[in-house]
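**Student:** Sharing start_31.pdb (PDB, C-alpha atoms) below.
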ATOM      1  CA  LYS A   1       8.125  11.642  36.500
ATOM      2  CA  ALA A   2       7.415   8.764  34.133
ATOM      3  CA  LEU A   3       8.569  10.924  31.230
ATOM      4  CA  GLU A   4      11.782  11.776  33.073
ATOM      5  CA  ARG A   5      12.489   8.089  33.658
ATOM      6  CA  MET A   6      11.716   7.274  30.010
ATOM      7  CA  ASP A   7      14.112   9.982  28.839
ATOM      8  CA  ALA A   8      16.811   8.467  31.047
ATOM      9  CA  LEU A   9      16.109   5.026  29.584
ATOM     10  CA  ILE A  10      16.363   6.369  26.022
ATOM     11  CA  ALA A  11      19.613   8.142  26.886
ATOM     12  CA  SER A  12      21.067   4.853  28.090
ATOM     13  CA  ASP A  13      20.012   2.996  24.919
ATOM     14  CA  PRO A  14      18.906   5.324  22.079
ATOM     15  CA  THR A  15      18.529   2.417  19.622
ATOM     16  CA  ARG A  16      15.614   0.718  21.410
ATOM     17  CA  ARG A  17      12.501   1.440  19.342
ATOM     18  CA  GLU A  18      10.089   0.288  22.056
ATOM     19  CA  SER A  19      11.238   3.075  24.383
ATOM     20  CA  TYR A  20      10.183   5.709  21.867
ATOM     21  CA  ASP A  21       6.778   4.049  21.470
ATOM     22  CA  GLN A  22       6.269   4.157  25.232
ATOM     23  CA  ARG A  23       7.348   7.795  25.318
ATOM     24  CA  LEU A  24       4.774   8.578  22.634
ATOM     25  CA  GLN A  25       2.081   7.022  24.800
ATOM     26  CA  LEU A  26       3.075   9.287  27.681
ATOM     27  CA  LEU A  27       3.011  12.359  25.451
ATOM     28  CA  ALA A  28      -0.426  11.347  24.174
ATOM     29  CA  ARG A  29      -1.724  11.149  27.754
ATOM     30  CA  MET A  30      -0.284  14.606  28.349
ATOM     31  CA  GLU A  31      -1.960  15.794  25.099
ATOM     32  CA  ASP A  32       1.276  17.492  24.079
ATOM     33  CA  ALA A  33       0.754  17.682  20.311
ATOM     34  CA  PRO A  34       3.930  19.652  19.453
ATOM     35  CA  ALA A  35       6.054  17.172  21.425
ATOM     36  CA  ILE A  36       4.345  14.218  19.707
ATOM     37  CA  GLU A  37       5.072  15.654  16.262
ATOM     38  CA  ALA A  38       8.675  16.421  17.190
ATOM     39  CA  GLN A  39       9.273  12.903  18.480
ATOM     40  CA  LEU A  40       7.681  11.256  15.447
ATOM     41  CA  ARG A  41       9.928  13.315  13.198
ATOM     42  CA  GLU A  42      12.936  12.349  15.316
ATOM     43  CA  MET A  43      11.992   8.669  15.057
ATOM     44  CA  VAL A  44      11.858   8.930  11.248
ATOM     45  CA  THR A  45      15.456  10.137  11.352
ATOM     46  CA  LEU A  46      16.607   7.553  13.895
ATOM     47  CA  PHE A  47      14.895   4.592  12.188
ATOM     48  CA  PRO A  48      14.884   5.502   8.464
ATOM     49  CA  ASP A  49      14.083   1.968   7.282
ATOM     50  CA  ASP A  50      10.995   1.576   9.486
ATOM     51  CA  ASP A  51       8.055   2.496   7.259
ATOM     52  CA  GLU A  52       5.574   1.971  10.094
ATOM     53  CA  ILE A  53       6.916   5.125  11.746
ATOM     54  CA  LYS A  54       6.282   7.052   8.530
ATOM     55  CA  TYR A  55       2.681   5.814   8.528
ATOM     56  CA  MET A  56       2.405   6.940  12.165
ATOM     57  CA  VAL A  57       3.442  10.452  11.129
ATOM     58  CA  VAL A  58       0.784  10.504   8.394
ATOM     59  CA  ARG A  59      -1.905   9.213  10.773
ATOM     60  CA  TYR A  60      -0.925  11.888  13.294
ATOM     61  CA  TYR A  61      -1.279  14.683  10.738
ATOM     62  CA  ILE A  62      -4.622  13.320   9.527
ATOM     63  CA  ALA A  63      -5.898  13.125  13.123
ATOM     64  CA  GLN A  64      -4.883  16.782  13.541
ATOM     65  CA  ASN A  65      -6.658  17.716  10.272
ATOM     66  CA  GLN A  66      -3.291  18.716   8.822
ATOM     67  CA  THR A  67      -3.687  17.021   5.444
ATOM     68  CA  SER A  68      -1.310  19.447   3.711
ATOM     69  CA  ASP A  69       1.413  18.512   6.201
ATOM     70  CA  ALA A  70       0.672  14.823   5.622
ATOM     71  CA  GLU A  71       0.982  15.304   1.865
ATOM     72  CA  ALA A  72       4.224  17.264   2.199
ATOM     73  CA  PHE A  73       5.687  14.566   4.438
ATOM     74  CA  LEU A  74       4.721  11.771   2.049
ATOM     75  CA  ARG A  75       6.206  13.663  -0.887
ATOM     76  CA  ASP A  76       9.426  13.927   1.097
ATOM     77  CA  VAL A  77       9.751  10.250   2.061
ATOM     78  CA  ALA A  78       8.004   8.365  -0.783
ATOM     79  CA  ASP A  79      10.238   7.789  -3.807
ATOM     80  CA  PRO A  80       8.498   6.771  -7.066
ATOM     81  CA  ALA A  81      11.755   5.189  -8.269
ATOM     82  CA  ASP A  82      12.177   2.978  -5.200
ATOM     83  CA  ASP A  83      12.628  -0.755  -5.833
ATOM     84  CA  ASP A  84       9.903  -1.330  -3.226
ATOM     85  CA  PRO A  85       7.248   1.267  -4.100
ATOM     86  CA  THR A  86       4.850   0.340  -1.278
ATOM     87  CA  LEU A  87       5.193   3.726   0.406
ATOM     88  CA  PHE A  88       4.634   5.579  -2.862
ATOM     89  CA  VAL A  89       1.542   3.463  -3.556
ATOM     90  CA  ALA A  90       0.262   4.562  -0.140
ATOM     91  CA  PHE A  91       0.947   8.161  -1.160
ATOM     92  CA  ILE A  92      -1.105   7.649  -4.317
ATOM     93  CA  GLY A  93      -3.977   6.280  -2.239
ATOM     94  CA  PHE A  94      -3.732   9.282   0.088
ATOM     95  CA  LEU A  95      -3.878  11.701  -2.858
ATOM     96  CA  SER A  96      -6.840   9.861  -4.350
ATOM     97  CA  ASP A  97      -8.732  10.192  -1.061
ATOM     98  CA  THR A  98      -7.852  13.837  -0.430
ATOM     99  CA  LYS A  99      -7.513  15.433  -3.872
ATOM    100  CA  GLY A 100      -9.216  13.028  -6.246
ATOM    101  CA  ALA A 101      -8.344  10.669  -9.074
ATOM    102  CA  ALA A 102      -6.789  13.329 -11.322
ATOM    103  CA  ALA A 103      -4.124  14.207  -8.753
ATOM    104  CA  ALA A 104      -3.414  10.533  -8.146
ATOM    105  CA  ARG A 105      -3.072   9.888 -11.888
ATOM    106  CA  VAL A 106      -0.377  12.577 -12.203
ATOM    107  CA  GLU A 107       1.746  10.791  -9.591
ATOM    108  CA  ILE A 108       1.120   7.355 -11.101
ATOM    109  CA  GLU A 109       2.271   8.592 -14.491
ATOM    110  CA  ARG A 110       5.375  10.065 -12.864
ATOM    111  CA  ALA A 111       6.109   6.696 -11.258
ATOM    112  CA  VAL A 112       5.685   4.895 -14.598
ATOM    113  CA  ALA A 113       8.322   7.186 -16.070
ATOM    114  CA  LEU A 114      10.769   6.904 -13.149
ATOM    115  CA  ASN A 115      10.458   3.428 -11.664
ATOM    116  CA  PRO A 116      12.757   0.754 -13.120
ATOM    117  CA  ASN A 117       9.940  -1.787 -12.769
ATOM    118  CA  PRO A 118       6.779   0.188 -13.580
ATOM    119  CA  ILE A 119       4.357  -2.736 -13.945
ATOM    120  CA  ARG A 120       2.560  -2.068 -10.658
ATOM    121  CA  PHE A 121       1.937   1.533 -11.670
ATOM    122  CA  GLN A 122       0.925   0.608 -15.208
ATOM    123  CA  ALA A 123      -1.651  -1.726 -13.673
ATOM    124  CA  LEU A 124      -2.911   1.105 -11.448
ATOM    125  CA  LEU A 125      -3.363   3.321 -14.492
ATOM    126  CA  ALA A 126      -5.300   0.582 -16.258
ATOM    127  CA  LEU A 127      -7.494   0.127 -13.185
ATOM    128  CA  MET A 128      -8.248   3.866 -13.114
ATOM    129  CA  ASP A 129      -9.117   3.790 -16.816
ATOM    130  CA  PHE A 130     -11.460   0.863 -16.210
ATOM    131  CA  GLN A 131     -13.196   2.669 -13.356
ATOM    132  CA  GLU A 132     -13.610   5.723 -15.586
ATOM    133  CA  GLY A 133     -15.388   3.666 -18.250
ATOM    134  CA  LYS A 134     -12.455   3.011 -20.596
ATOM    135  CA  ARG A 135     -12.862  -0.718 -20.219
ATOM    136  CA  ASP A 136     -11.489  -1.965 -23.525
ATOM    137  CA  GLU A 137      -8.396   0.244 -23.233
ATOM    138  CA  ALA A 138      -7.771  -0.950 -19.674
ATOM    139  CA  VAL A 139      -8.054  -4.631 -20.588
ATOM    140  CA  ALA A 140      -5.782  -4.135 -23.587
ATOM    141  CA  ALA A 141      -3.150  -2.412 -21.418
ATOM    142  CA  LEU A 142      -3.062  -5.307 -18.936
ATOM    143  CA  GLU A 143      -2.978  -7.912 -21.688
ATOM    144  CA  ALA A 144      -0.002  -6.072 -23.211
ATOM    145  CA  ILE A 145       1.830  -6.332 -19.888
ATOM    146  CA  LEU A 146       1.142 -10.067 -19.693
ATOM    147  CA  ALA A 147       2.411 -10.495 -23.265
ATOM    148  CA  ILE A 148       5.916  -9.447 -22.171
ATOM    149  CA  PRO A 149       8.116 -12.507 -22.897
ATOM    150  CA  GLU A 150       9.611 -12.869 -19.423
ATOM    151  CA  ASP A 151       8.689 -14.146 -15.980
ATOM    152  CA  LEU A 152       6.909 -11.254 -14.270
ATOM    153  CA  GLY A 153       6.690 -13.077 -10.943
ATOM    154  CA  GLU A 154       4.472 -11.491  -8.284
ATOM    155  CA  ASP A 155       3.827  -8.429 -10.459
ATOM    156  CA  GLY A 156       2.444 -10.636 -13.206
ATOM    157  CA  GLN A 157       0.220 -12.468 -10.736
ATOM    158  CA  ASN A 158      -1.207  -9.188  -9.466
ATOM    159  CA  VAL A 159      -1.894  -8.042 -13.033
ATOM    160  CA  LYS A 160      -3.757 -11.285 -13.734
ATOM    161  CA  ILE A 161      -5.886 -10.795 -10.609
ATOM    162  CA  ILE A 162      -6.808  -7.238 -11.625
ATOM    163  CA  LEU A 163      -7.566  -8.395 -15.166
ATOM    164  CA  SER A 164      -9.651 -11.276 -13.809
ATOM    165  CA  ARG A 165     -11.812  -8.849 -11.841
ATOM    166  CA  MET A 166     -12.257  -6.726 -14.944
ATOM    167  CA  GLN A 167     -13.232  -9.756 -17.025
ATOM    168  CA  GLU A 168     -15.785 -10.827 -14.426
ATOM    169  CA  THR A 169     -17.284  -7.336 -14.315
ATOM    170  CA  MET A 170     -17.598  -7.451 -18.099
ATOM    171  CA  GLY A 171     -19.347 -10.822 -17.945
ATOM    172  CA  ASN A 172     -16.425 -12.976 -19.090
ATOM    173  CA  THR A 173     -16.492 -15.413 -16.181
ATOM    174  CA  VAL A 174     -14.650 -18.117 -18.100
ATOM    175  CA  GLY A 175     -11.740 -15.802 -18.838
ATOM    176  CA  ALA A 176     -11.734 -14.522 -15.267
ATOM    177  CA  ARG A 177     -11.520 -18.011 -13.794
ATOM    178  CA  ARG A 178      -8.808 -19.078 -16.231
ATOM    179  CA  LEU A 179      -6.597 -16.216 -15.055
ATOM    180  CA  ILE A 180      -7.083 -17.131 -11.398
ATOM    181  CA  GLU A 181      -6.249 -20.765 -12.152
ATOM    182  CA  GLU A 182      -3.019 -19.593 -13.784
ATOM    183  CA  VAL A 183      -2.134 -17.520 -10.716
ATOM    184  CA  LEU A 184      -2.769 -20.402  -8.329
ATOM    185  CA  ALA A 185      -0.735 -22.735 -10.525
ATOM    186  CA  GLU A 186       2.188 -20.338 -10.088
ATOM    187  CA  ASN A 187       1.529 -19.559  -6.421
ATOM    188  CA  PRO A 188      -0.980 -21.788  -4.575
ATOM    189  CA  ARG A 189      -0.938 -19.404  -1.596
ATOM    190  CA  GLN A 190      -1.809 -16.179  -3.420
ATOM    191  CA  VAL A 191      -4.424 -14.811  -1.036
ATOM    192  CA  ASP A 192      -6.488 -12.646  -3.401
ATOM    193  CA  ALA A 193      -6.681 -15.475  -5.949
ATOM    194  CA  LEU A 194      -7.777 -17.934  -3.240
ATOM    195  CA  LYS A 195     -10.520 -15.521  -2.145
ATOM    196  CA  MET A 196     -11.852 -15.170  -5.679
ATOM    197  CA  GLN A 197     -11.789 -18.905  -6.256
ATOM    198  CA  ALA A 198     -13.579 -19.503  -2.953
ATOM    199  CA  THR A 199     -16.297 -17.005  -3.912
ATOM    200  CA  TRP A 200     -16.955 -18.860  -7.157
ATOM    201  CA  GLN A 201     -17.000 -22.184  -5.298
ATOM    202  CA  ILE A 202     -19.610 -20.852  -2.877
ATOM    203  CA  GLN A 203     -21.731 -19.726  -5.819
ATOM    204  CA  SER A 204     -21.451 -23.284  -7.195
ATOM    205  CA  ASP A 205     -22.413 -24.794  -3.799
ATOM    206  CA  ASP A 206     -18.945 -26.308  -3.458
ATOM    207  CA  THR A 207     -18.644 -25.064   0.117
ATOM    208  CA  ASP A 208     -16.118 -27.663   1.270
ATOM    209  CA  ALA A 209     -13.579 -26.499  -1.323
ATOM    210  CA  ALA A 210     -14.374 -22.867  -0.520
ATOM    211  CA  ILE A 211     -13.721 -23.428   3.191
ATOM    212  CA  ALA A 212     -10.471 -25.223   2.364
ATOM    213  CA  ASN A 213      -9.346 -22.243   0.279
TER     214      ASN A 213
END
Please, can you express the file's structure as structure tokens?
**Tutor:**
Amino acid sequence: KALERMDALIASDPTRRESYDQRLQLLARMEDAPAIEAQLREMVTLFPDDDEIKYMVVRYYIAQNQTSDAEAFLRDVADPADDDPTLFVAFIGFLSDTKGAAAARVEIERAVALNPNPIRFQALLALMDFQEGKRDEAVAALEAILAIPEDLGEDGQNVKIILSRMQETMGNTVGARRLIEEVLAENPRQVDALKMQATWQIQSDDTDAAIAN
């Protein structure tokens, strides 16, 4: 009866996202997996700009041990050429977890070739190289990005943070801290940079500054 009333509510206002969420909860209590999948797919169509729904679909497929369906769905909705590649980055992470680094690298390289602003993906490639032991090549790739004579904005800050972590791993603490100082000079509220600075302050017994960060 609750489902009948929810269907009537949706029919009266099919644009209200909350109604669909409540209907999903009812279907979950009824353990009606086919109906849950069908509604999630319908919600993707009804609310195409809501990425959270797309993540819900992926989580559903993973919970059902349907990783091939999750991959197929992500390939369908994640565009490597999108101005905001967040969803495609999530797809890369999914591939890395389910099929390994080699499969993820193929998609990253495709994104580098297709995205109008490939810096995020170039940084991911450098990070993979670093993790695979190609440290000098990875550092050189990130330094080449930072040498671009233009304001890279948030992308440039993220590259500096990745490079800082690499430098610290390689024992170049001075270089690592200099990069973080540059990031915080550009954006005093960059969370990852604040965390790294706070960690160094704790190591130096400067706990008051660390807590403030």
**Student:** Kindly resolve the PyMOL selection byres ((chain A and resi 40) around 9) on the present coordinates and return the residues as an NGL selection string.
**Tutor:** :A and (20 or 24 or 35-39 or 41-45 or 53-54 or 56-57 or 60)
**Student:** Write out as a list in words which residues come within 12 Å of Glu137 in chain A when counting only C-alpha atoms, dropping same-chain ones fewer than 2 positions away.
**Tutor:**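 With the cut-off at 12 Å, the set is Ala123, Leu125, Ala126, Leu127, Met128, Asp129, Phe130, Gln131, Glu132, Gly133, Lys134, Arg135, Val139, Ala140, Ala141, Leu142, Glu143, Ala144, Leu163 and Met166 of chain A.
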**Student:** Expressed in Å to a single decimal, how great is the separation between CA of Asn213 in chain A and CA of Lys195 in chain A?
**Tutor:**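 Computing the Euclidean distance for CA of Asn213 in chain A and CA of Lys195 in chain A yields 7.2 Å.
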**Student:** Between CA of Gly175 in chain A and CA of Gly93 in chain A, what distance in Å does the model show, to one decimal?
**Tutor:** 28.7 Å
**Student:** What residues come out when you apply the PyMOL selection byres ((chain A and resi 176) around 9) to this file, written as a PDB file with C-alpha atoms, keeping the file's coordinate frame?
**Tutor:**
ATOM      1  CA  LYS A 160      -3.757 -11.285 -13.734  1.00  0.00           C
ATOM      2  CA  ILE A 161      -5.886 -10.795 -10.609  1.00  0.00           C
ATOM      3  CA  LEU A 163      -7.566  -8.395 -15.166  1.00  0.00           C
ATOM      4  CA  SER A 164      -9.651 -11.276 -13.809  1.00  0.00           C
ATOM      5  CA  ARG A 165     -11.812  -8.849 -11.841  1.00  0.00           C
ATOM      6  CA  MET A 166     -12.257  -6.726 -14.944  1.00  0.00           C
ATOM      7  CA  GLN A 167     -13.232  -9.756 -17.025  1.00  0.00           C
ATOM      8  CA  GLU A 168     -15.785 -10.827 -14.426  1.00  0.00           C
ATOM      9  CA  GLY A 171     -19.347 -10.822 -17.945  1.00  0.00           C
ATOM     10  CA  ASN A 172     -16.425 -12.976 -19.090  1.00  0.00           C
ATOM     11  CA  THR A 173     -16.492 -15.413 -16.181  1.00  0.00           C
ATOM     12  CA  VAL A 174     -14.650 -18.117 -18.100  1.00  0.00           C
ATOM     13  CA  GLY A 175     -11.740 -15.802 -18.838  1.00  0.00           C
ATOM     14  CA  ARG A 177     -11.520 -18.011 -13.794  1.00  0.00           C
ATOM     15  CA  ARG A 178      -8.808 -19.078 -16.231  1.00  0.00           C
ATOM     16  CA  LEU A 179      -6.597 -16.216 -15.055  1.00  0.00           C
ATOM     17  CA  ILE A 180      -7.083 -17.131 -11.398  1.00  0.00           C
ATOM     18  CA  GLU A 181      -6.249 -20.765 -12.152  1.00  0.00           C
TER      19      GLU A 181
END
**Student:** Using the chain letters and numbers from the file, give me the residues hit by the PyMOL selection byres ((chain A and resi 112) around 12), as a ChimeraX atom specification.
**Tutor:** /A:80-82,85,88-89,105-111,113-126
**Student:** Would you kindly identify which residues have an atom no farther than 10 Å from (-14.7, -24.1, -0.3), using all atoms listed in the file and the file's own coordinates, and write them out as a list of chain:residue names?
**Tutor:** A:Leu194, A:Lys195, A:Gln197, A:Ala198, A:Thr199, A:Trp200, A:Gln201, A:Ile202, A:Gln203, A:Ser204, A:Asp205, A:Asp206, A:Thr207, A:Asp208, A:Ala209, A:Ala210, A:Ile211, A:Ala212, A:Asn213
**Student:** Could you tell me how far CA of Ala90 in chain A sits from CA of Thr67 in chain A, in Å to one decimal place?
**Tutor:**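 About the pair CA of Thr67 in chain A and CA of Ala90 in chain A: they are 14.2 Å apart.
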**Student:** Please list as number ranges by chain every residue within 9 Å of Ser19 in chain A, counting all atoms listed in the file and excluding residues in the same chain fewer than 4 positions away.
**Tutor:** A: 6-7, 9-10, 13-15, 23-24
**Student:** For each of A:Arg75, A:Arg17, A:Leu95, A:Leu152, take the minimum atom-to-atom distance to Leu46 in chain A, counting all atoms listed in the file, then give the residue where this is smallest.
**Tutor:** A:Arg17
**Student:** Since the input is missing atoms for range 82-93 of chain A, could you rebuild it with all heavy atoms and give the result as an mmCIF file, in the coordinates of the input?
**Tutor:**
data_model
loop_
_atom_site.group_PDB
_atom_site.id
_atom_site.type_symbol
_atom_site.label_atom_id
_atom_site.label_comp_id
_atom_site.auth_asym_id
_atom_site.auth_seq_id
_atom_site.Cartn_x
_atom_site.Cartn_y
_atom_site.Cartn_z
ATOM 1 N N ASP A 82 11.705 3.970 -6.166
ATOM 2 C CA ASP A 82 12.177 2.978 -5.200
ATOM 3 C C ASP A 82 11.900 1.560 -5.711
ATOM 4 O O ASP A 82 10.865 1.293 -6.326
ATOM 5 C CB ASP A 82 11.471 3.191 -3.860
ATOM 6 C CG ASP A 82 12.219 2.550 -2.704
ATOM 7 O OD1 ASP A 82 12.765 1.455 -2.902
ATOM 8 O OD2 ASP A 82 12.262 3.140 -1.618
ATOM 9 N N ASP A 83 12.831 0.646 -5.441
ATOM 10 C CA ASP A 83 12.628 -0.755 -5.833
ATOM 11 C C ASP A 83 11.387 -1.340 -5.166
ATOM 12 O O ASP A 83 10.691 -2.175 -5.751
ATOM 13 C CB ASP A 83 13.854 -1.594 -5.458
ATOM 14 C CG ASP A 83 15.047 -1.289 -6.352
ATOM 15 O OD1 ASP A 83 14.827 -0.762 -7.461
ATOM 16 O OD2 ASP A 83 16.186 -1.565 -5.934
ATOM 17 N N ASP A 84 11.128 -0.925 -3.926
ATOM 18 C CA ASP A 84 9.903 -1.330 -3.226
ATOM 19 C C ASP A 84 9.008 -0.093 -3.127
ATOM 20 O O ASP A 84 9.201 0.754 -2.257
ATOM 21 C CB ASP A 84 10.217 -1.857 -1.827
ATOM 22 C CG ASP A 84 8.965 -2.283 -1.077
ATOM 23 O OD1 ASP A 84 7.867 -2.213 -1.673
ATOM 24 O OD2 ASP A 84 9.072 -2.671 0.098
ATOM 25 N N PRO A 85 8.037 0.036 -4.030
ATOM 26 C CA PRO A 85 7.248 1.267 -4.100
ATOM 27 C C PRO A 85 6.046 1.300 -3.161
ATOM 28 O O PRO A 85 5.131 2.098 -3.358
ATOM 29 C CB PRO A 85 6.799 1.287 -5.561
ATOM 30 C CG PRO A 85 6.623 -0.164 -5.886
ATOM 31 C CD PRO A 85 7.672 -0.910 -5.086
ATOM 32 N N THR A 86 6.026 0.436 -2.148
ATOM 33 C CA THR A 86 4.850 0.340 -1.278
ATOM 34 C C THR A 86 4.475 1.688 -0.688
ATOM 35 O O THR A 86 3.293 2.058 -0.631
ATOM 36 C CB THR A 86 5.107 -0.671 -0.151
ATOM 37 O OG1 THR A 86 5.447 -1.934 -0.723
ATOM 38 C CG2 THR A 86 3.872 -0.837 0.712
ATOM 39 N N LEU A 87 5.465 2.433 -0.216
ATOM 40 C CA LEU A 87 5.193 3.726 0.406
ATOM 41 C C LEU A 87 4.625 4.714 -0.619
ATOM 42 O O LEU A 87 3.711 5.493 -0.311
ATOM 43 C CB LEU A 87 6.473 4.282 1.037
ATOM 44 C CG LEU A 87 6.309 5.440 2.022
ATOM 45 C CD1 LEU A 87 5.436 5.032 3.199
ATOM 46 C CD2 LEU A 87 7.666 5.898 2.522
ATOM 47 N N PHE A 88 5.145 4.666 -1.839
ATOM 48 C CA PHE A 88 4.634 5.579 -2.862
ATOM 49 C C PHE A 88 3.217 5.187 -3.271
ATOM 50 O O PHE A 88 2.395 6.068 -3.565
ATOM 51 C CB PHE A 88 5.561 5.590 -4.083
ATOM 52 C CG PHE A 88 5.313 6.755 -4.992
ATOM 53 C CD1 PHE A 88 5.836 7.995 -4.698
ATOM 54 C CD2 PHE A 88 4.547 6.616 -6.134
ATOM 55 C CE1 PHE A 88 5.604 9.092 -5.526
ATOM 56 C CE2 PHE A 88 4.305 7.700 -6.976
ATOM 57 C CZ PHE A 88 4.834 8.935 -6.661
ATOM 58 N N VAL A 89 2.916 3.899 -3.276
ATOM 59 C CA VAL A 89 1.542 3.463 -3.556
ATOM 60 C C VAL A 89 0.602 3.993 -2.473
ATOM 61 O O VAL A 89 -0.528 4.421 -2.760
ATOM 62 C CB VAL A 89 1.472 1.925 -3.660
ATOM 63 C CG1 VAL A 89 0.021 1.457 -3.728
ATOM 64 C CG2 VAL A 89 2.233 1.442 -4.886
ATOM 65 N N ALA A 90 1.063 3.996 -1.226
ATOM 66 C CA ALA A 90 0.262 4.562 -0.140
ATOM 67 C C ALA A 90 0.038 6.057 -0.365
ATOM 68 O O ALA A 90 -1.046 6.590 -0.095
ATOM 69 C CB ALA A 90 0.952 4.320 1.200
ATOM 70 N N PHE A 91 1.066 6.740 -0.853
ATOM 71 C CA PHE A 91 0.947 8.161 -1.160
ATOM 72 C C PHE A 91 -0.106 8.392 -2.246
ATOM 73 O O PHE A 91 -0.924 9.326 -2.151
ATOM 74 C CB PHE A 91 2.308 8.707 -1.599
ATOM 75 C CG PHE A 91 2.288 10.093 -2.168
ATOM 76 C CD1 PHE A 91 1.679 11.126 -1.473
ATOM 77 C CD2 PHE A 91 2.865 10.364 -3.395
ATOM 78 C CE1 PHE A 91 1.649 12.419 -2.005
ATOM 79 C CE2 PHE A 91 2.847 11.644 -3.918
ATOM 80 C CZ PHE A 91 2.236 12.671 -3.228
ATOM 81 N N ILE A 92 -0.108 7.527 -3.255
ATOM 82 C CA ILE A 92 -1.105 7.649 -4.317
ATOM 83 C C ILE A 92 -2.516 7.469 -3.748
ATOM 84 O O ILE A 92 -3.443 8.220 -4.087
ATOM 85 C CB ILE A 92 -0.828 6.609 -5.419
ATOM 86 C CG1 ILE A 92 0.454 6.974 -6.171
ATOM 87 C CG2 ILE A 92 -2.004 6.504 -6.388
ATOM 88 C CD1 ILE A 92 0.951 5.892 -7.098
ATOM 89 N N GLY A 93 -2.679 6.486 -2.868
ATOM 90 C CA GLY A 93 -3.977 6.280 -2.239
ATOM 91 C C GLY A 93 -4.409 7.488 -1.417
ATOM 92 O O GLY A 93 -5.580 7.883 -1.428
#
